[in-house]
$ cat entry-v6.pdb   # PDB, C-alpha atoms and all ligand atoms
ATOM      1  CA  MET W   1      44.832  85.993  -6.506  1.00  0.00           C
ATOM      2  CA  PRO W   2      42.289  83.445  -5.319  1.00  0.00           C
ATOM      3  CA  SER W   3      38.851  84.578  -6.332  1.00  0.00           C
ATOM      4  CA  GLY W   4      36.547  82.860  -3.865  1.00  0.00           C
ATOM      5  CA  PRO W   5      33.101  84.189  -3.148  1.00  0.00           C
ATOM      6  CA  ALA W   6      32.975  87.576  -1.395  1.00  0.00           C
ATOM      7  CA  PRO W   7      32.639  87.158   2.393  1.00  0.00           C
ATOM      8  CA  GLN W   8      28.979  87.118   3.372  1.00  0.00           C
ATOM      9  CA  ILE W   9      29.522  89.349   6.377  1.00  0.00           C
ATOM     10  CA  ARG W  10      30.954  92.692   5.338  1.00  0.00           C
ATOM     11  CA  LYS W  11      34.111  93.921   7.051  1.00  0.00           C
ATOM     12  CA  ARG W  12      32.653  96.879   8.938  1.00  0.00           C
ATOM     13  CA  VAL W  13      29.685  94.797  10.095  1.00  0.00           C
ATOM     14  CA  ARG W  14      32.065  92.038  11.205  1.00  0.00           C
ATOM     15  CA  LYS W  15      33.979  94.511  13.360  1.00  0.00           C
ATOM     16  CA  LEU W  16      30.799  95.846  14.946  1.00  0.00           C
ATOM     17  CA  LEU W  17      29.419  92.342  15.593  1.00  0.00           C
ATOM     18  CA  ILE W  18      32.626  91.309  17.357  1.00  0.00           C
ATOM     19  CA  ALA W  19      32.475  94.519  19.425  1.00  0.00           C
ATOM     20  CA  GLN W  20      28.840  93.708  20.236  1.00  0.00           C
ATOM     21  CA  VAL W  21      29.894  90.347  21.707  1.00  0.00           C
ATOM     22  CA  GLY W  22      31.940  92.444  24.154  1.00  0.00           C
ATOM     23  CA  HIS W  23      29.026  94.790  24.853  1.00  0.00           C
ATOM     24  CA  GLU W  24      26.703  91.874  25.629  1.00  0.00           C
ATOM     25  CA  LEU W  25      29.296  90.260  27.893  1.00  0.00           C
ATOM     26  CA  GLY W  26      29.726  93.692  29.510  1.00  0.00           C
ATOM     27  CA  ALA W  27      25.960  93.834  30.113  1.00  0.00           C
ATOM     28  CA  HIS W  28      26.186  90.323  31.579  1.00  0.00           C
ATOM     29  CA  GLN W  29      28.822  91.554  34.005  1.00  0.00           C
ATOM     30  CA  ALA W  30      26.924  94.773  34.809  1.00  0.00           C
ATOM     31  CA  TYR W  31      23.776  92.794  35.688  1.00  0.00           C
ATOM     32  CA  MET W  32      25.766  90.331  37.789  1.00  0.00           C
ATOM     33  CA  GLY W  33      27.075  93.398  39.642  1.00  0.00           C
ATOM     34  CA  ILE W  34      23.521  94.645  40.205  1.00  0.00           C
ATOM     35  CA  ALA W  35      22.448  91.155  41.359  1.00  0.00           C
ATOM     36  CA  LEU W  36      25.299  91.195  43.900  1.00  0.00           C
ATOM     37  CA  TYR W  37      24.251  94.627  45.121  1.00  0.00           C
ATOM     38  CA  PHE W  38      20.739  93.291  45.826  1.00  0.00           C
ATOM     39  CA  GLU W  39      22.120  90.074  47.309  1.00  0.00           C
ATOM     40  CA  ARG W  40      24.102  92.172  49.770  1.00  0.00           C
ATOM     41  CA  ARG W  41      20.919  93.980  50.827  1.00  0.00           C
ATOM     42  CA  SER W  42      19.146  90.609  51.299  1.00  0.00           C
ATOM     43  CA  LEU W  43      16.748  91.512  48.499  1.00  0.00           C
ATOM     44  CA  LYS W  44      16.704  87.955  47.149  1.00  0.00           C
ATOM     45  CA  GLY W  45      13.895  88.546  44.658  1.00  0.00           C
ATOM     46  CA  TRP W  46      15.676  91.477  43.028  1.00  0.00           C
ATOM     47  CA  ALA W  47      18.954  89.551  43.045  1.00  0.00           C
ATOM     48  CA  LYS W  48      17.293  86.621  41.250  1.00  0.00           C
ATOM     49  CA  PHE W  49      15.693  88.970  38.726  1.00  0.00           C
ATOM     50  CA  PHE W  50      19.017  90.556  37.765  1.00  0.00           C
ATOM     51  CA  HIS W  51      20.838  87.256  37.826  1.00  0.00           C
ATOM     52  CA  GLU W  52      18.366  85.994  35.230  1.00  0.00           C
ATOM     53  CA  GLN W  53      18.842  89.165  33.175  1.00  0.00           C
ATOM     54  CA  ALA W  54      22.600  88.576  33.336  1.00  0.00           C
ATOM     55  CA  VAL W  55      22.156  85.036  32.011  1.00  0.00           C
ATOM     56  CA  GLU W  56      20.030  86.434  29.166  1.00  0.00           C
ATOM     57  CA  GLU W  57      22.814  88.859  28.227  1.00  0.00           C
ATOM     58  CA  ALA W  58      25.333  86.016  28.111  1.00  0.00           C
ATOM     59  CA  GLY W  59      22.849  84.274  25.810  1.00  0.00           C
ATOM     60  CA  HIS W  60      22.810  87.323  23.514  1.00  0.00           C
ATOM     61  CA  ALA W  61      26.612  87.210  23.320  1.00  0.00           C
ATOM     62  CA  ALA W  62      26.450  83.481  22.529  1.00  0.00           C
ATOM     63  CA  LYS W  63      23.882  84.083  19.782  1.00  0.00           C
ATOM     64  CA  ILE W  64      26.222  86.562  18.053  1.00  0.00           C
ATOM     65  CA  MET W  65      29.227  84.261  18.507  1.00  0.00           C
ATOM     66  CA  THR W  66      27.298  81.419  16.849  1.00  0.00           C
ATOM     67  CA  PHE W  67      26.404  83.693  13.929  1.00  0.00           C
ATOM     68  CA  LEU W  68      30.080  84.666  13.511  1.00  0.00           C
ATOM     69  CA  ILE W  69      31.215  81.029  13.670  1.00  0.00           C
ATOM     70  CA  ASP W  70      28.513  79.944  11.204  1.00  0.00           C
ATOM     71  CA  ASN W  71      29.830  82.588   8.805  1.00  0.00           C
ATOM     72  CA  GLU W  72      33.464  81.587   9.299  1.00  0.00           C
ATOM     73  CA  VAL W  73      34.501  84.856  10.905  1.00  0.00           C
ATOM     74  CA  ARG W  74      37.628  84.516  13.032  1.00  0.00           C
ATOM     75  CA  PHE W  75      37.628  86.574  16.216  1.00  0.00           C
ATOM     76  CA  GLU W  76      38.995  86.886  19.736  1.00  0.00           C
ATOM     77  CA  LEU W  77      36.791  87.785  22.690  1.00  0.00           C
ATOM     78  CA  PRO W  78      36.919  91.528  23.509  1.00  0.00           C
ATOM     79  CA  ALA W  79      38.302  92.635  26.881  1.00  0.00           C
ATOM     80  CA  LEU W  80      35.817  93.608  29.599  1.00  0.00           C
ATOM     81  CA  THR W  81      36.138  96.667  31.809  1.00  0.00           C
ATOM     82  CA  GLY W  82      34.550  95.431  35.058  1.00  0.00           C
ATOM     83  CA  ALA W  83      31.281  96.418  36.736  1.00  0.00           C
ATOM     84  CA  PRO W  84      30.211  97.997  40.048  1.00  0.00           C
ATOM     85  CA  THR W  85      28.466  96.017  42.792  1.00  0.00           C
ATOM     86  CA  SER W  86      27.565  99.103  44.854  1.00  0.00           C
ATOM     87  CA  TYR W  87      24.724 101.553  44.279  1.00  0.00           C
ATOM     88  CA  LYS W  88      23.113 104.247  46.417  1.00  0.00           C
ATOM     89  CA  SER W  89      19.652 102.739  46.021  1.00  0.00           C
ATOM     90  CA  ALA W  90      17.606 100.162  44.134  1.00  0.00           C
ATOM     91  CA  ARG W  91      16.436 103.004  41.938  1.00  0.00           C
ATOM     92  CA  GLU W  92      19.992 103.984  41.019  1.00  0.00           C
ATOM     93  CA  ALA W  93      20.808 100.375  40.115  1.00  0.00           C
ATOM     94  CA  VAL W  94      17.752 100.052  37.854  1.00  0.00           C
ATOM     95  CA  GLU W  95      18.470 103.441  36.265  1.00  0.00           C
ATOM     96  CA  ALA W  96      21.948 102.169  35.399  1.00  0.00           C
ATOM     97  CA  ALA W  97      20.354  99.088  33.827  1.00  0.00           C
ATOM     98  CA  LEU W  98      17.937 101.203  31.759  1.00  0.00           C
ATOM     99  CA  ALA W  99      20.800 103.430  30.593  1.00  0.00           C
ATOM    100  CA  SER W 100      22.696 100.295  29.546  1.00  0.00           C
ATOM    101  CA  GLU W 101      19.703  98.981  27.564  1.00  0.00           C
ATOM    102  CA  ILE W 102      19.283 102.326  25.781  1.00  0.00           C
ATOM    103  CA  ARG W 103      22.983 102.275  24.898  1.00  0.00           C
ATOM    104  CA  VAL W 104      22.662  98.732  23.519  1.00  0.00           C
ATOM    105  CA  THR W 105      19.635  99.781  21.434  1.00  0.00           C
ATOM    106  CA  GLY W 106      21.833 102.479  19.867  1.00  0.00           C
ATOM    107  CA  GLN W 107      24.535  99.904  19.149  1.00  0.00           C
ATOM    108  CA  PHE W 108      22.079  97.654  17.302  1.00  0.00           C
ATOM    109  CA  ASN W 109      20.694 100.594  15.352  1.00  0.00           C
ATOM    110  CA  ALA W 110      24.242 101.483  14.283  1.00  0.00           C
ATOM    111  CA  LEU W 111      24.847  97.843  13.345  1.00  0.00           C
ATOM    112  CA  ALA W 112      21.692  97.748  11.228  1.00  0.00           C
ATOM    113  CA  ASP W 113      22.717 101.033   9.551  1.00  0.00           C
ATOM    114  CA  ALA W 114      26.126  99.540   8.717  1.00  0.00           C
ATOM    115  CA  ALA W 115      24.601  96.285   7.421  1.00  0.00           C
ATOM    116  CA  ARG W 116      22.148  98.182   5.246  1.00  0.00           C
ATOM    117  CA  ALA W 117      24.825 100.527   3.873  1.00  0.00           C
ATOM    118  CA  ALA W 118      27.008  97.514   3.000  1.00  0.00           C
ATOM    119  CA  GLU W 119      24.048  95.630   1.480  1.00  0.00           C
ATOM    120  CA  ASP W 120      24.819  92.856   3.951  1.00  0.00           C
ATOM    121  CA  HIS W 121      21.392  91.202   3.898  1.00  0.00           C
ATOM    122  CA  ARG W 122      22.420  88.254   5.992  1.00  0.00           C
ATOM    123  CA  SER W 123      23.502  90.415   8.924  1.00  0.00           C
ATOM    124  CA  LEU W 124      20.561  92.760   8.512  1.00  0.00           C
ATOM    125  CA  GLN W 125      18.206  89.788   8.825  1.00  0.00           C
ATOM    126  CA  PHE W 126      20.105  88.442  11.852  1.00  0.00           C
ATOM    127  CA  LEU W 127      19.917  91.821  13.610  1.00  0.00           C
ATOM    128  CA  GLN W 128      16.115  92.035  13.462  1.00  0.00           C
ATOM    129  CA  TRP W 129      15.733  89.703  16.454  1.00  0.00           C
ATOM    130  CA  PHE W 130      17.926  91.972  18.601  1.00  0.00           C
ATOM    131  CA  ILE W 131      16.161  95.145  17.524  1.00  0.00           C
ATOM    132  CA  GLU W 132      12.846  93.616  18.603  1.00  0.00           C
ATOM    133  CA  GLU W 133      14.333  92.251  21.817  1.00  0.00           C
ATOM    134  CA  GLN W 134      15.551  95.723  22.823  1.00  0.00           C
ATOM    135  CA  VAL W 135      11.986  97.060  22.869  1.00  0.00           C
ATOM    136  CA  GLU W 136      11.147  94.471  25.527  1.00  0.00           C
ATOM    137  CA  GLU W 137      14.385  94.984  27.458  1.00  0.00           C
ATOM    138  CA  GLU W 138      13.879  98.734  27.770  1.00  0.00           C
ATOM    139  CA  ARG W 139      10.247  98.226  28.707  1.00  0.00           C
ATOM    140  CA  THR W 140      11.222  95.795  31.493  1.00  0.00           C
ATOM    141  CA  MET W 141      13.578  98.314  33.092  1.00  0.00           C
ATOM    142  CA  ARG W 142      10.991 101.090  32.870  1.00  0.00           C
ATOM    143  CA  ALA W 143       8.449  98.809  34.541  1.00  0.00           C
ATOM    144  CA  LEU W 144      10.925  98.225  37.381  1.00  0.00           C
ATOM    145  CA  LEU W 145      11.317 101.982  37.824  1.00  0.00           C
ATOM    146  CA  ASP W 146       7.516 102.353  37.938  1.00  0.00           C
ATOM    147  CA  LEU W 147       7.389  99.640  40.597  1.00  0.00           C
ATOM    148  CA  LEU W 148      10.001 101.479  42.688  1.00  0.00           C
ATOM    149  CA  ALA W 149       8.131 104.761  42.208  1.00  0.00           C
ATOM    150  CA  SER W 150       5.032 103.254  43.865  1.00  0.00           C
ATOM    151  CA  ASN W 151       4.572 103.437  47.608  1.00  0.00           C
ATOM    152  CA  MET W 152       6.221 100.085  48.252  1.00  0.00           C
ATOM    153  CA  ASP W 153       9.731  99.675  49.550  1.00  0.00           C
ATOM    154  CA  PRO W 154      12.024  97.297  47.600  1.00  0.00           C
ATOM    155  CA  PHE W 155      11.224  94.416  50.001  1.00  0.00           C
ATOM    156  CA  GLN W 156       7.484  94.688  49.426  1.00  0.00           C
ATOM    157  CA  ALA W 157       7.968  95.293  45.698  1.00  0.00           C
ATOM    158  CA  GLN W 158       9.585  91.857  45.331  1.00  0.00           C
ATOM    159  CA  ALA W 159       6.136  90.243  45.321  1.00  0.00           C
ATOM    160  CA  PHE W 160       5.447  91.924  41.958  1.00  0.00           C
ATOM    161  CA  LEU W 161       8.705  91.144  40.158  1.00  0.00           C
ATOM    162  CA  GLU W 162       7.356  87.942  38.637  1.00  0.00           C
ATOM    163  CA  ASP W 163       4.739  89.934  36.728  1.00  0.00           C
ATOM    164  CA  ILE W 164       7.479  92.057  35.128  1.00  0.00           C
ATOM    165  CA  GLY W 165      10.202  89.546  34.266  1.00  0.00           C
TER     166      GLY W 165
HETATM  167 FE    FE V 201      21.529  92.050  25.293  1.00  0.00          FE
HETATM  168 FE    FE V 202      19.525  93.637  27.572  1.00  0.00          FE
END
$ encode --input "entry-v6.pdb" --output "structure tokens"
Amino acid sequence: MPSGPAPQIRKRVRKLLIAQVGHELGAHQAYMGIALYFERRSLKGWAKFFHEQAVEEAGHAAKIMTFLIDNEVRFELPALTGAPTSYKSAREAVEAALASEIRVTGQFNALADAARAAEDHRSLQFLQWFIEEQVEEERTMRALLDLLASNMDPFQAQAFLEDIG
């Protein structure tokens, strides 16, 4: 049996990282769907905001893919399930985004747990950036909900989006 060095990225962590590529691409699609919802309502500022968030999510997926490639992990891209482009209100759309961010935070916590349990220091180090990023991502969505809870309608609120993004 060839006795090369043990793989740097432990098996369970590898599986979760590949799944996370799918989750980030799913978030990309979900935010594109929200951007389209706002586009349809002629809320250009909101549409731009969520389009930019969508691009960020694709960047997160790319960051994980690069890490997998750098560590010689072979993988296929996970299948996506689709995303809605209709919501009852701006508030409902942003609530869906916050729920998605909270879910992603849980996924990174589970990943860090797995990396720690497997003594996979390389992955644990890599994951720190995402764990920090999630604090900001959740905060952004909560700030949007606060903005919508003010007396402004979504059209007026657009003037304040720059301060949040
Ligand atoms: Fe993300
Ligand atoms: Fe995010």
$ residues_around --input "entry-v6.pdb" --residues "W:Thr66" --least-positions-apart "6" --cutoff "12 Å" --atoms "only C-alpha atoms" --output "PyMOL selection string"
chain W and resi 17-18+21+59-60+72-75+126
$ residues_around --input "entry-v6.pdb" --residues "W:Gly33" --least-positions-apart "4" --cutoff "8 Å" --atoms "only C-alpha atoms" --output "list in words"
Gln29, Tyr37, Ala83, Pro84, Thr85 and Ser86 of chain W
$ residues_near_ligand --input "entry-v6.pdb" --ligand "ligand FE 202 (chain V)" --cutoff "7 Å" --atoms "all atoms listed in the file" --output "count of residues only"
5
$ residues_near_point --input "entry-v6.pdb" --point "(10.9, 98.4, 39.0)" --cutoff "12 Å" --atoms "all atoms listed in the file" --output "number ranges by chain"
W: 45-46, 49-50, 90-95, 97-98, 138-165
$ closest_residue --input "entry-v6.pdb" --among "W:Met32, W:Ala62, W:Ser42, W:Val55" --to "W:Leu77" --atoms "only C-alpha atoms"
W:Ala62
$ residues_around --input "entry-v6.pdb" --residues "W:Asn71" --least-positions-apart "4" --cutoff "8 Å" --atoms "only C-alpha atoms" --output "mmCIF file with C-alpha atoms, keeping the file's coordinate frame"
data_model
loop_
_atom_site.group_PDB
_atom_site.id
_atom_site.type_symbol
_atom_site.label_atom_id
_atom_site.label_comp_id
_atom_site.auth_asym_id
_atom_site.auth_seq_id
_atom_site.Cartn_x
_atom_site.Cartn_y
_atom_site.Cartn_z
ATOM 1 C CA GLN W 8 28.979 87.118 3.372
ATOM 2 C CA ILE W 9 29.522 89.349 6.377
ATOM 3 C CA PHE W 67 26.404 83.693 13.929
#
$ closest_residue --input "entry-v6.pdb" --among "W:Tyr87, W:Phe38, W:Tyr31, W:Phe130" --to "ligand FE 201 (chain V)" --atoms "all atoms listed in the file"
W:Phe130
$ closest_residue --input "entry-v6.pdb" --among "W:Ala118, W:Ala58, W:Leu80, W:Ile69" --to "ligand FE 201 (chain V)" --atoms "only C-alpha atoms and all ligand atoms"
W:Ala58
$ closest_residue --input "entry-v6.pdb" --among "W:Arg122, W:Lys88, W:His23, W:Arg12" --to "ligand FE 201 (chain V)" --atoms "only C-alpha atoms and all ligand atoms"
W:His23
$ atom_distance --input "entry-v6.pdb" --atom1 "atom CA of W:Gly22" --atom2 "atom CA of W:Ala61"
7.5 Å
